[in-house]
Amino acid sequence: MSMTTPPGWYPDPGNPAVEHWWDGTAWTGHTRPAGGAPKRAGRAGVVPTAVAGVVVAAAIATAVVVFGRDDGPPAGITDAKNPPAPTSSATSPSPSPSPSATDDPTAVVDQLNGITLPIIDGWEKPEFTSEDVPTVSTVAADPCPAASSRTCKRGSVFSLTATGTGTTDPETIAKEDIAKAADRAFEADSLGVRPHGGIRSHKVLAERPTVVAGRTGYLVRWQVTTNQGPGGYVQSLVFPSSLGSESPVIVRFVFSAGPDAPPLATMDEITQGIRPIGSSTGGGVGSSIGP
């Protein structure tokens, strides 16, 4: 008797921190952190893990599939058919975006945190970034004030998971993260170069609750005066992820204060465009709001 594996979340053998969705016939592009949702419905005990290899005998190729089991297969199943292992990199530190997501010219997908960042007019997904995090930035850039051989984007936005905070409170995390955001943007880079000559002072422009991707979060915005150049603005936006344990997500904004830089209203425009993966609404007025 044979059986096709039912739809559900199954572990990625190349990256045990990730699970992929099997729709009953094929792997989809959907991924999530392992253990990030209630246990799937279906026949318990049969969990596909990987295609182990191919054995050739008597000129007939037979695929040998290795199964992982909790308490053994259900009674009566002697030849369970399982989905092939999803394509994955064992060395990748985080899940890879699905092809359909990466082909979307209007958004950058953060699979790990379950959100998309909008790509608005005049912005792009940069080909190269200083850190391996989901990023959108202005197409336009200027020579850095204190390092003219380098270019500094007029605006950039990137997302990351809040770690080592000791709390899940968005307000507390945002107020602690804003100084890190300012240092990363306007102080020394990883090579010890200060493209803006370092920070001279800052001024708090906003501290308030806000709704992001249907979740209640908090933002802190600073104006930063640098030793060279026009200075700029930074914002730390924190809200709970809609995935798994709802770990806090940080979205950092960095804008130049130069005459051709994006207006501060663009920070609000991008915030309103942040959406849960698969959602067509950004969680603004009229959207359901989570804690």
# chains A, B, ... in the order shown; residues from 1 in each chain; ligands from 1
$ select_by_dssp --residues "segment 113-290 of chain A" --states "strand (DSSP E)" --output "ChimeraX atom specification"
/A:115-118,123-124,135-138,141-144,147-153,155-161,199-212,215-226,232-240,248-256,275-276
$ residues_around --residues "segment 262-276 of chain A" --least-positions-apart "2" --cutoff "6 Å" --atoms "only C-alpha atoms" --output "number ranges by chain"
A: 114-118, 213, 279, 282
$ closest_residue --among "A:Ala141, A:Leu237, A:Val224, A:Ala188" --to "Val211 of chain A" --atoms "only C-alpha atoms"
A:Leu237
$ residues_around --residues "Phe158 of chain A" --least-positions-apart "4" --cutoff "8 Å" --atoms "only C-alpha atoms" --output "number ranges by chain"
A: 133-136, 251-253
$ atom_distance --atom1 "atom CA of Pro145 of chain A" --atom2 "atom CA of Val220 of chain A"
25.4 Å
$ closest_residue --among "A:Arg150, A:Pro195, A:Gly217, A:Val254" --to "Lys180 of chain A" --atoms "only C-alpha atoms"
A:Val254
